[in-house]
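Have a look at upload_34.cif below; it lists mmCIF, C-alpha atoms.
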data_model
#
loop_
_atom_site.label_atom_id
_atom_site.label_comp_id
_atom_site.auth_asym_id
_atom_site.auth_seq_id
_atom_site.Cartn_x
_atom_site.Cartn_y
_atom_site.Cartn_z
CA MET A 1 100.98 140.74 137.30
CA GLU A 2 102.77 139.94 134.06
CA GLU A 3 101.20 137.06 132.17
CA PHE A 4 103.43 134.03 131.63
CA VAL A 5 104.00 133.20 127.96
CA ASP A 6 105.21 129.71 127.09
CA THR A 7 107.73 130.09 124.25
CA LYS A 8 108.48 126.38 123.90
CA LYS A 9 107.71 124.83 120.54
CA THR A 10 104.66 122.57 120.38
CA ILE A 11 104.73 119.30 118.44
CA LEU A 12 101.64 117.34 117.47
CA ILE A 13 102.22 113.58 117.60
CA VAL A 14 99.78 111.54 115.51
CA ASP A 15 99.95 107.76 115.89
CA ASP A 16 97.41 105.12 116.89
CA GLU A 17 100.01 103.06 118.78
CA LYS A 18 100.05 104.37 122.34
CA PRO A 19 103.52 102.97 123.25
CA ILE A 20 105.07 104.86 120.30
CA VAL A 21 103.26 108.06 121.29
CA GLU A 22 104.50 107.72 124.88
CA ILE A 23 108.11 107.17 123.77
CA LEU A 24 107.93 110.21 121.48
CA MET A 25 106.31 112.32 124.21
CA TYR A 26 109.03 111.39 126.70
CA ASN A 27 111.91 112.18 124.35
CA LEU A 28 110.39 115.39 122.98
CA GLU A 29 109.54 116.75 126.41
CA ARG A 30 113.03 115.88 127.59
CA GLU A 31 114.33 118.04 124.72
CA GLY A 32 112.17 120.93 125.92
CA TYR A 33 109.18 120.68 123.57
CA ASN A 34 105.50 120.80 124.44
CA THR A 35 103.50 117.92 122.97
CA ILE A 36 99.89 117.27 122.04
CA GLU A 37 98.67 113.89 120.88
CA ALA A 38 96.12 112.47 118.46
CA TYR A 39 95.32 108.79 117.97
CA ASP A 40 93.25 108.92 114.79
CA GLY A 41 93.11 111.01 111.64
CA VAL A 42 90.00 113.02 112.42
CA GLU A 43 91.33 114.02 115.84
CA ALA A 44 94.65 114.96 114.20
CA VAL A 45 93.03 117.38 111.75
CA ASN A 46 90.88 118.96 114.47
CA LEU A 47 93.82 119.40 116.86
CA ALA A 48 96.10 120.76 114.15
CA LEU A 49 93.61 123.41 113.08
CA GLU A 50 92.73 124.33 116.66
CA LYS A 51 96.18 124.34 118.28
CA LYS A 52 98.32 125.26 115.24
CA PRO A 53 101.42 123.33 116.37
CA ASP A 54 104.94 124.28 115.30
CA LEU A 55 105.58 120.83 113.78
CA ILE A 56 103.60 117.62 113.17
CA LEU A 57 104.80 114.01 113.38
CA LEU A 58 102.24 112.11 111.33
CA ASP A 59 101.85 108.34 110.99
CA ILE A 60 100.45 107.03 107.70
CA MET A 61 98.40 104.10 109.06
CA LEU A 62 95.63 105.70 111.14
CA PRO A 63 91.99 104.87 111.95
CA LYS A 64 89.09 107.05 110.72
CA MET A 65 91.29 108.97 108.23
CA ASP A 66 94.69 107.82 106.94
CA GLY A 67 97.80 109.95 107.29
CA LEU A 68 97.91 110.88 103.61
CA ALA A 69 94.40 112.36 103.77
CA VAL A 70 95.30 114.09 107.04
CA CYS A 71 98.40 115.61 105.46
CA LYS A 72 96.38 116.97 102.53
CA ARG A 73 93.75 118.51 104.83
CA ILE A 74 96.28 120.10 107.17
CA ARG A 75 98.51 121.39 104.39
CA HIS A 76 95.56 123.19 102.80
CA SER A 77 94.90 125.19 105.99
CA LEU A 78 98.42 125.38 107.43
CA PRO A 79 100.73 125.74 104.41
CA ASN A 80 103.95 126.34 106.34
CA VAL A 81 103.86 124.00 109.33
CA PRO A 82 106.50 121.25 108.89
CA ILE A 83 105.01 117.77 108.53
CA LEU A 84 107.20 114.69 109.03
CA MET A 85 105.54 111.45 107.97
CA LEU A 86 106.16 108.39 110.13
CA THR A 87 105.71 105.10 108.29
CA ALA A 88 106.37 101.44 108.87
CA LYS A 89 105.50 100.68 105.27
CA ALA A 90 108.27 99.63 102.92
CA GLU A 91 106.42 100.60 99.74
CA GLU A 92 108.07 103.57 98.05
CA ILE A 93 104.72 104.83 96.77
CA ASP A 94 103.53 105.74 100.28
CA LYS A 95 106.58 107.90 100.91
CA ILE A 96 106.29 109.60 97.54
CA LEU A 97 102.57 110.21 97.97
CA GLY A 98 103.22 111.85 101.32
CA LEU A 99 105.70 114.24 99.75
CA GLU A 100 103.35 114.89 96.82
CA LEU A 101 100.60 115.87 99.27
CA GLY A 102 102.82 118.40 101.02
CA ALA A 103 104.78 116.54 103.69
CA ASP A 104 108.27 117.96 104.22
CA ASP A 105 109.95 114.60 104.74
CA TYR A 106 109.39 111.07 105.95
CA ILE A 107 111.14 108.78 108.39
CA THR A 108 110.67 105.01 108.40
CA LYS A 109 109.98 102.98 111.54
CA PRO A 110 111.93 101.81 113.38
CA PHE A 111 113.94 105.02 113.59
CA SER A 112 116.53 106.25 116.04
CA VAL A 113 115.50 109.00 118.44
CA ARG A 114 118.71 110.85 117.58
CA GLU A 115 117.86 110.95 113.88
CA LEU A 116 114.28 112.04 114.55
CA MET A 117 115.39 114.86 116.85
CA ALA A 118 117.90 116.05 114.27
CA ARG A 119 115.19 116.28 111.62
CA ILE A 120 112.78 118.05 113.97
CA LYS A 121 115.39 120.64 114.92
CA ALA A 122 116.39 121.19 111.30
CA ASN A 123 112.79 121.83 110.23
CA LEU A 124 112.09 124.18 113.14
CA ARG A 125 115.32 126.13 112.48
CA LYS A 126 114.26 126.61 108.87
CA ILE A 127 110.86 127.99 109.85
CA GLU A 128 112.42 130.31 112.44
CA ALA A 129 114.90 131.62 109.87
CA ASN A 130 112.10 132.38 107.41
CA ASN A 131 110.05 134.11 110.12
CA LEU A 132 113.06 136.24 111.06
CA LYS A 133 113.49 137.32 107.45
CA ASP A 134 109.85 138.39 107.41
CA GLU A 135 110.37 140.53 110.53
CA ILE A 136 113.49 142.37 109.39
CA LYS A 137 112.83 142.81 105.67
CA ASP A 138 112.54 146.32 104.30
CA GLU A 139 109.08 146.72 102.79
CA THR A 140 110.32 149.51 100.52
CA ASN A 141 113.00 147.36 98.95
CA THR A 142 111.48 144.48 96.98
CA ASN A 143 113.98 141.66 96.58
CA VAL A 144 113.38 139.95 93.24
CA ILE A 145 115.37 137.38 91.26
CA THR A 146 114.59 137.27 87.54
CA ILE A 147 116.05 134.64 85.23
CA GLY A 148 114.46 134.47 81.81
CA ASP A 149 110.75 133.72 82.24
CA LEU A 150 111.19 132.90 85.94
CA SER A 151 110.72 135.55 88.63
CA LEU A 152 111.00 135.07 92.41
CA ASN A 153 109.90 137.75 94.87
CA LEU A 154 111.85 136.79 97.99
CA ASP A 155 109.91 139.14 100.27
CA LYS A 156 106.47 137.92 99.25
CA PHE A 157 107.48 134.26 98.70
CA GLU A 158 105.97 134.63 95.24
CA VAL A 159 106.96 132.87 92.02
CA LYS A 160 105.91 133.85 88.53
CA VAL A 161 106.54 132.20 85.18
CA ASN A 162 105.78 134.38 82.14
CA GLY A 163 103.98 136.74 84.50
CA GLN A 164 101.67 134.04 85.85
CA THR A 165 101.76 133.44 89.61
CA ILE A 166 102.65 129.86 90.57
CA ASP A 167 101.42 128.32 93.84
CA LEU A 168 104.37 126.66 95.58
CA THR A 169 104.74 125.27 99.08
CA LEU A 170 107.35 126.91 101.31
CA ARG A 171 109.75 123.98 100.77
CA GLU A 172 109.34 124.13 97.00
CA PHE A 173 109.96 127.88 97.08
CA GLU A 174 113.13 127.38 99.14
CA VAL A 175 114.50 124.84 96.66
CA LEU A 176 113.79 127.11 93.71
CA LYS A 177 115.25 130.14 95.53
CA TYR A 178 118.49 128.31 96.34
CA LEU A 179 118.94 127.19 92.74
CA ALA A 180 117.94 130.59 91.32
CA GLY A 181 120.52 132.25 93.52
CA GLN A 182 123.22 130.61 91.41
CA PRO A 183 121.80 130.18 87.89
CA GLY A 184 123.64 127.83 85.60
CA GLN A 185 125.48 126.21 88.51
CA VAL A 186 124.73 122.55 89.15
CA VAL A 187 123.79 121.84 92.77
CA THR A 188 123.96 118.27 94.06
CA ARG A 189 121.07 116.59 95.86
CA GLU A 190 123.20 116.33 98.98
CA VAL A 191 123.87 120.07 99.03
CA LEU A 192 120.16 120.82 98.54
CA LEU A 193 119.30 118.46 101.39
CA GLU A 194 121.75 120.27 103.63
CA LYS A 195 121.01 123.86 102.58
CA VAL A 196 117.23 123.67 102.16
CA TRP A 197 116.13 120.91 104.50
CA GLY A 198 118.90 121.59 106.99
CA TYR A 199 120.00 117.95 107.11
CA GLU A 200 123.61 116.89 107.01
CA TYR A 201 124.03 113.14 106.85
CA TYR A 202 120.41 112.60 107.86
CA GLY A 203 117.72 112.48 105.22
CA ASP A 204 116.98 110.74 101.95
CA ILE A 205 118.00 112.36 98.66
CA ARG A 206 114.83 110.94 97.06
CA THR A 207 113.03 113.65 99.03
CA VAL A 208 114.87 116.18 96.85
CA ASP A 209 113.96 114.37 93.63
CA VAL A 210 110.25 114.27 94.49
CA THR A 211 110.23 117.96 95.43
CA VAL A 212 111.98 118.92 92.19
CA ARG A 213 109.45 116.90 90.22
CA ARG A 214 106.59 118.73 91.98
CA ILE A 215 108.17 122.10 91.15
CA ARG A 216 108.57 121.11 87.49
CA GLU A 217 104.92 120.11 87.25
CA LYS A 218 104.03 123.68 88.27
CA ILE A 219 106.57 125.78 86.36
CA GLU A 220 107.34 123.84 83.17
CA LYS A 221 105.15 123.63 80.06
CA ASP A 222 106.58 120.20 79.23
CA THR A 223 108.02 118.27 82.18
CA SER A 224 109.62 115.75 79.83
CA ASN A 225 111.61 118.58 78.23
CA PRO A 226 112.17 121.18 80.98
CA LYS A 227 113.49 124.62 80.03
CA ILE A 228 113.83 126.21 83.49
CA LEU A 229 114.74 123.57 86.10
CA ILE A 230 117.27 121.23 84.50
CA THR A 231 118.72 117.89 85.61
CA LYS A 232 122.43 117.21 85.26
CA ARG A 233 122.23 113.45 85.13
CA GLY A 234 124.08 111.74 87.94
CA VAL A 235 124.98 115.06 89.58
CA GLY A 236 122.07 117.31 90.52
CA TYR A 237 119.95 120.24 89.34
CA TYR A 238 120.33 123.79 88.07
CA ILE A 239 118.31 126.74 86.80
CA ALA A 240 118.91 127.45 83.11
CA ASN A 241 120.71 130.78 82.80
CA ASN A 242 118.76 132.16 79.82
#
Spit out the file's structure as structure tokens when you get a sec.
Amino acid sequence: MEEFVDTKKTILIVDDEKPIVEILMYNLEREGYNTIEAYDGVEAVNLALEKKPDLILLDIMLPKMDGLAVCKRIRHSLPNVPILMLTAKAEEIDKILGLELGADDYITKPFSVRELMARIKANLRKIEANNLKDEIKDETNTNVITIGDLSLNLDKFEVKVNGQTIDLTLREFEVLKYLAGQPGQVVTREVLLEKVWGYEYYGDIRTVDVTVRRIREKIEKDTSNPKILITKRGVGYYIANN
């Protein structure tokens, strides 16, 4: 007898408020997703590492271990799983810290189910597209973009500056790859949000700014005077065409 394989995507919901978890479970399962649930930070880390979900919805305010610490722990072991932070906090620092620790985006409570589903689908589509590229790439044909001191190996998801390998998250790599694909051309934050994150009118352009800042901290000698990833004030970003 042929073994049944469940191909539905699995989403880990992490929130200590049971009514919120139940609402998310209902809507996600109605959209065809499997769900697993954690109600504190320690349980979230253990479940994430054991079950390896396709996406994680992660609240910041959690017992035992807060969401920021959870994000850092999970990101270290699962570098490519999309993490969407859920927060009721108004402070900008919490959102920025989440992105700095490796979250892909955040959404502030209360949020509409429609917006949340759009972000989930966009993140899952991006991961699927990257996985497909891995499957069909020709191992004998290395695809490399070189611009001045910057080098991107698109097959290995590897970035080098002056020959030194730089450790980027998948999202950071995607931003750099999109900009490097059109050196010297200014790309707006809105276009980056659409092309890299997969969001259209959903999403916050500050997510782009924080991600660019993280990239600069890794690839630039002097972040106050960048030579590779340049800001066009009031417009967007571009890779210097040296």
Write out as a list in words the residues lying within 8 Å of A:Thr211, counting all atoms listed in the file and excluding same-chain residues fewer than 3 positions away.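 In the requested form, the answer reads Leu99, Glu100, Glu172, Thr207, Val208, Arg214 and Ile215 of chain A.
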Name the residues in contact with stretch 13-23 of chain A at a cut-off of 7 Å, using only C-alpha atoms, excluding same-chain residues fewer than 3 positions from it; report them as a PyMOL selection string. chain A and resi 26-27+36-40+44+56-59+62
Rank A:Gly163, A:Lys109, A:Arg171, A:Lys9 by their smallest atom-to-atom distance to A:Lys121, using all atoms listed in the file, and report the top residue only.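 That would be A:Lys9, the residue with the smallest distance to A:Lys121.
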Which polymer residues have any atom within 12 Å of an atom of A:Ala69, counting all atoms listed in the file, with same-chain residues fewer than 4 positions away left out, as a ChimeraX atom specification? /A:40-42,44-45,58-65,73-76,85,94,97-98,100-103
Shortest interatomic distance to A:Val113 - which of A:Glu217, A:Asp209, A:Asp204, A:Glu31, counting all atoms listed in the file: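 Of A:Glu217, A:Asp209, A:Asp204, A:Glu31, the one nearest A:Val113 is A:Glu31, counting all atoms listed in the file.
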Smallest atom-to-atom distance to A:Leu176: which of A:Ile239, A:Leu12, A:Ile205, A:Leu193, using only C-alpha atoms?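 Ranking A:Ile239, A:Leu12, A:Ile205, A:Leu193 by distance to A:Leu176, first place goes to A:Ile239.
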Which of these, A:Tyr178, A:Tyr106, A:Tyr33, A:Phe173, has the shortest distance to A:Tyr238 once you count all atoms listed in the file?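 The shortest atom-to-atom distance to A:Tyr238 comes from A:Tyr178.
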Please write a file for stretch 136-179 of chain A, taken from the block I just shared, that holds N, CA and C atoms and is laid out as a PDB file, in the first residue's frame.
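out.pdb, written as the output of this step:
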ATOM      1  N   ILE A 136      16.568  22.900 -10.081  1.00  0.00           N
ATOM      2  CA  ILE A 136      16.758  22.896 -11.536  1.00  0.00           C
ATOM      3  C   ILE A 136      18.087  23.514 -11.970  1.00  0.00           C
ATOM      4  N   LYS A 137      18.865  24.041 -11.025  1.00  0.00           N
ATOM      5  CA  LYS A 137      20.103  24.703 -11.431  1.00  0.00           C
ATOM      6  C   LYS A 137      21.099  23.697 -11.989  1.00  0.00           C
ATOM      7  N   ASP A 138      21.903  24.150 -12.902  1.00  0.00           N
ATOM      8  CA  ASP A 138      22.948  23.336 -13.517  1.00  0.00           C
ATOM      9  C   ASP A 138      24.228  23.472 -12.698  1.00  0.00           C
ATOM     10  N   GLU A 139      24.635  22.365 -12.058  1.00  0.00           N
ATOM     11  CA  GLU A 139      25.792  22.411 -11.169  1.00  0.00           C
ATOM     12  C   GLU A 139      27.077  22.760 -11.920  1.00  0.00           C
ATOM     13  N   THR A 140      27.102  22.530 -13.222  1.00  0.00           N
ATOM     14  CA  THR A 140      28.327  22.787 -13.985  1.00  0.00           C
ATOM     15  C   THR A 140      28.427  24.237 -14.442  1.00  0.00           C
ATOM     16  N   ASN A 141      27.355  24.984 -14.226  1.00  0.00           N
ATOM     17  CA  ASN A 141      27.347  26.366 -14.703  1.00  0.00           C
ATOM     18  C   ASN A 141      27.141  27.310 -13.525  1.00  0.00           C
ATOM     19  N   THR A 142      28.225  27.765 -12.920  1.00  0.00           N
ATOM     20  CA  THR A 142      28.140  28.632 -11.752  1.00  0.00           C
ATOM     21  C   THR A 142      27.677  30.024 -12.181  1.00  0.00           C
ATOM     22  N   ASN A 143      26.640  30.496 -11.543  1.00  0.00           N
ATOM     23  CA  ASN A 143      26.028  31.772 -11.872  1.00  0.00           C
ATOM     24  C   ASN A 143      26.522  32.817 -10.877  1.00  0.00           C
ATOM     25  N   VAL A 144      27.407  33.701 -11.318  1.00  0.00           N
ATOM     26  CA  VAL A 144      28.039  34.663 -10.418  1.00  0.00           C
ATOM     27  C   VAL A 144      27.847  36.080 -10.947  1.00  0.00           C
ATOM     28  N   ILE A 145      27.509  36.997 -10.042  1.00  0.00           N
ATOM     29  CA  ILE A 145      27.470  38.424 -10.357  1.00  0.00           C
ATOM     30  C   ILE A 145      28.646  39.078  -9.648  1.00  0.00           C
ATOM     31  N   THR A 146      29.466  39.800 -10.399  1.00  0.00           N
ATOM     32  CA  THR A 146      30.605  40.502  -9.808  1.00  0.00           C
ATOM     33  C   THR A 146      30.518  41.971 -10.164  1.00  0.00           C
ATOM     34  N   ILE A 147      30.521  42.809  -9.123  1.00  0.00           N
ATOM     35  CA  ILE A 147      30.492  44.261  -9.308  1.00  0.00           C
ATOM     36  C   ILE A 147      31.547  44.846  -8.380  1.00  0.00           C
ATOM     37  N   GLY A 148      32.649  45.277  -8.926  1.00  0.00           N
ATOM     38  CA  GLY A 148      33.726  45.801  -8.095  1.00  0.00           C
ATOM     39  C   GLY A 148      34.209  44.755  -7.101  1.00  0.00           C
ATOM     40  N   ASP A 149      34.189  45.105  -5.812  1.00  0.00           N
ATOM     41  CA  ASP A 149      34.648  44.197  -4.758  1.00  0.00           C
ATOM     42  C   ASP A 149      33.578  43.200  -4.341  1.00  0.00           C
ATOM     43  N   LEU A 150      32.364  43.367  -4.850  1.00  0.00           N
ATOM     44  CA  LEU A 150      31.232  42.531  -4.449  1.00  0.00           C
ATOM     45  C   LEU A 150      31.040  41.380  -5.421  1.00  0.00           C
ATOM     46  N   SER A 151      30.857  40.170  -4.877  1.00  0.00           N
ATOM     47  CA  SER A 151      30.628  38.985  -5.701  1.00  0.00           C
ATOM     48  C   SER A 151      29.497  38.163  -5.094  1.00  0.00           C
ATOM     49  N   LEU A 152      28.500  37.806  -5.926  1.00  0.00           N
ATOM     50  CA  LEU A 152      27.383  36.981  -5.488  1.00  0.00           C
ATOM     51  C   LEU A 152      27.346  35.696  -6.306  1.00  0.00           C
ATOM     52  N   ASN A 153      27.429  34.564  -5.642  1.00  0.00           N
ATOM     53  CA  ASN A 153      27.246  33.271  -6.286  1.00  0.00           C
ATOM     54  C   ASN A 153      25.793  32.882  -6.091  1.00  0.00           C
ATOM     55  N   LEU A 154      24.996  32.971  -7.165  1.00  0.00           N
ATOM     56  CA  LEU A 154      23.556  32.778  -7.067  1.00  0.00           C
ATOM     57  C   LEU A 154      23.178  31.317  -6.855  1.00  0.00           C
ATOM     58  N   ASP A 155      24.052  30.396  -7.217  1.00  0.00           N
ATOM     59  CA  ASP A 155      23.768  28.976  -7.014  1.00  0.00           C
ATOM     60  C   ASP A 155      24.027  28.545  -5.575  1.00  0.00           C
ATOM     61  N   LYS A 156      25.070  29.112  -4.984  1.00  0.00           N
ATOM     62  CA  LYS A 156      25.450  28.721  -3.630  1.00  0.00           C
ATOM     63  C   LYS A 156      24.904  29.668  -2.559  1.00  0.00           C
ATOM     64  N   PHE A 157      24.185  30.727  -3.001  1.00  0.00           N
ATOM     65  CA  PHE A 157      23.696  31.755  -2.066  1.00  0.00           C
ATOM     66  C   PHE A 157      24.865  32.279  -1.230  1.00  0.00           C
ATOM     67  N   GLU A 158      25.936  32.626  -1.921  1.00  0.00           N
ATOM     68  CA  GLU A 158      27.176  33.033  -1.257  1.00  0.00           C
ATOM     69  C   GLU A 158      27.564  34.436  -1.683  1.00  0.00           C
ATOM     70  N   VAL A 159      27.946  35.259  -0.722  1.00  0.00           N
ATOM     71  CA  VAL A 159      28.375  36.629  -0.994  1.00  0.00           C
ATOM     72  C   VAL A 159      29.800  36.805  -0.501  1.00  0.00           C
ATOM     73  N   LYS A 160      30.610  37.458  -1.332  1.00  0.00           N
ATOM     74  CA  LYS A 160      31.978  37.777  -0.937  1.00  0.00           C
ATOM     75  C   LYS A 160      32.250  39.255  -1.191  1.00  0.00           C
ATOM     76  N   VAL A 161      33.000  39.858  -0.293  1.00  0.00           N
ATOM     77  CA  VAL A 161      33.489  41.222  -0.468  1.00  0.00           C
ATOM     78  C   VAL A 161      35.000  41.178  -0.314  1.00  0.00           C
ATOM     79  N   ASN A 162      35.715  41.590  -1.372  1.00  0.00           N
ATOM     80  CA  ASN A 162      37.182  41.496  -1.391  1.00  0.00           C
ATOM     81  C   ASN A 162      37.652  40.072  -1.111  1.00  0.00           C
ATOM     82  N   GLY A 163      36.902  39.100  -1.614  1.00  0.00           N
ATOM     83  CA  GLY A 163      37.276  37.706  -1.452  1.00  0.00           C
ATOM     84  C   GLY A 163      36.879  37.080  -0.135  1.00  0.00           C
ATOM     85  N   GLN A 164      36.347  37.877   0.790  1.00  0.00           N
ATOM     86  CA  GLN A 164      35.954  37.358   2.105  1.00  0.00           C
ATOM     87  C   GLN A 164      34.467  37.012   2.095  1.00  0.00           C
ATOM     88  N   THR A 165      34.143  35.793   2.511  1.00  0.00           N
ATOM     89  CA  THR A 165      32.752  35.352   2.540  1.00  0.00           C
ATOM     90  C   THR A 165      31.980  36.070   3.632  1.00  0.00           C
ATOM     91  N   ILE A 166      30.791  36.565   3.280  1.00  0.00           N
ATOM     92  CA  ILE A 166      29.929  37.309   4.198  1.00  0.00           C
ATOM     93  C   ILE A 166      28.705  36.449   4.520  1.00  0.00           C
ATOM     94  N   ASP A 167      28.365  36.354   5.785  1.00  0.00           N
ATOM     95  CA  ASP A 167      27.226  35.545   6.231  1.00  0.00           C
ATOM     96  C   ASP A 167      25.955  36.389   6.203  1.00  0.00           C
ATOM     97  N   LEU A 168      25.091  36.133   5.216  1.00  0.00           N
ATOM     98  CA  LEU A 168      23.821  36.839   5.101  1.00  0.00           C
ATOM     99  C   LEU A 168      22.663  35.868   5.303  1.00  0.00           C
ATOM    100  N   THR A 169      21.535  36.396   5.802  1.00  0.00           N
ATOM    101  CA  THR A 169      20.319  35.602   5.823  1.00  0.00           C
ATOM    102  C   THR A 169      19.786  35.501   4.396  1.00  0.00           C
ATOM    103  N   LEU A 170      18.841  34.591   4.178  1.00  0.00           N
ATOM    104  CA  LEU A 170      18.260  34.438   2.844  1.00  0.00           C
ATOM    105  C   LEU A 170      17.621  35.742   2.376  1.00  0.00           C
ATOM    106  N   ARG A 171      16.914  36.431   3.255  1.00  0.00           N
ATOM    107  CA  ARG A 171      16.247  37.682   2.878  1.00  0.00           C
ATOM    108  C   ARG A 171      17.276  38.739   2.509  1.00  0.00           C
ATOM    109  N   GLU A 172      18.335  38.850   3.280  1.00  0.00           N
ATOM    110  CA  GLU A 172      19.386  39.818   2.971  1.00  0.00           C
ATOM    111  C   GLU A 172      20.027  39.501   1.616  1.00  0.00           C
ATOM    112  N   PHE A 173      20.257  38.219   1.370  1.00  0.00           N
ATOM    113  CA  PHE A 173      20.836  37.815   0.088  1.00  0.00           C
ATOM    114  C   PHE A 173      19.916  38.199  -1.063  1.00  0.00           C
ATOM    115  N   GLU A 174      18.613  37.990  -0.895  1.00  0.00           N
ATOM    116  CA  GLU A 174      17.650  38.301  -1.955  1.00  0.00           C
ATOM    117  C   GLU A 174      17.621  39.796  -2.262  1.00  0.00           C
ATOM    118  N   VAL A 175      17.710  40.619  -1.231  1.00  0.00           N
ATOM    119  CA  VAL A 175      17.748  42.077  -1.447  1.00  0.00           C
ATOM    120  C   VAL A 175      18.994  42.455  -2.230  1.00  0.00           C
ATOM    121  N   LEU A 176      20.135  41.932  -1.795  1.00  0.00           N
ATOM    122  CA  LEU A 176      21.397  42.262  -2.455  1.00  0.00           C
ATOM    123  C   LEU A 176      21.396  41.749  -3.898  1.00  0.00           C
ATOM    124  N   LYS A 177      20.859  40.548  -4.108  1.00  0.00           N
ATOM    125  CA  LYS A 177      20.814  39.977  -5.463  1.00  0.00           C
ATOM    126  C   LYS A 177      19.946  40.833  -6.382  1.00  0.00           C
ATOM    127  N   TYR A 178      18.806  41.283  -5.897  1.00  0.00           N
ATOM    128  CA  TYR A 178      17.925  42.099  -6.745  1.00  0.00           C
ATOM    129  C   TYR A 178      18.605  43.406  -7.137  1.00  0.00           C
ATOM    130  N   LEU A 179      19.267  44.046  -6.177  1.00  0.00           N
ATOM    131  CA  LEU A 179      19.954  45.300  -6.480  1.00  0.00           C
ATOM    132  C   LEU A 179      21.162  45.070  -7.391  1.00  0.00           C
TER     133      LEU A 179
END
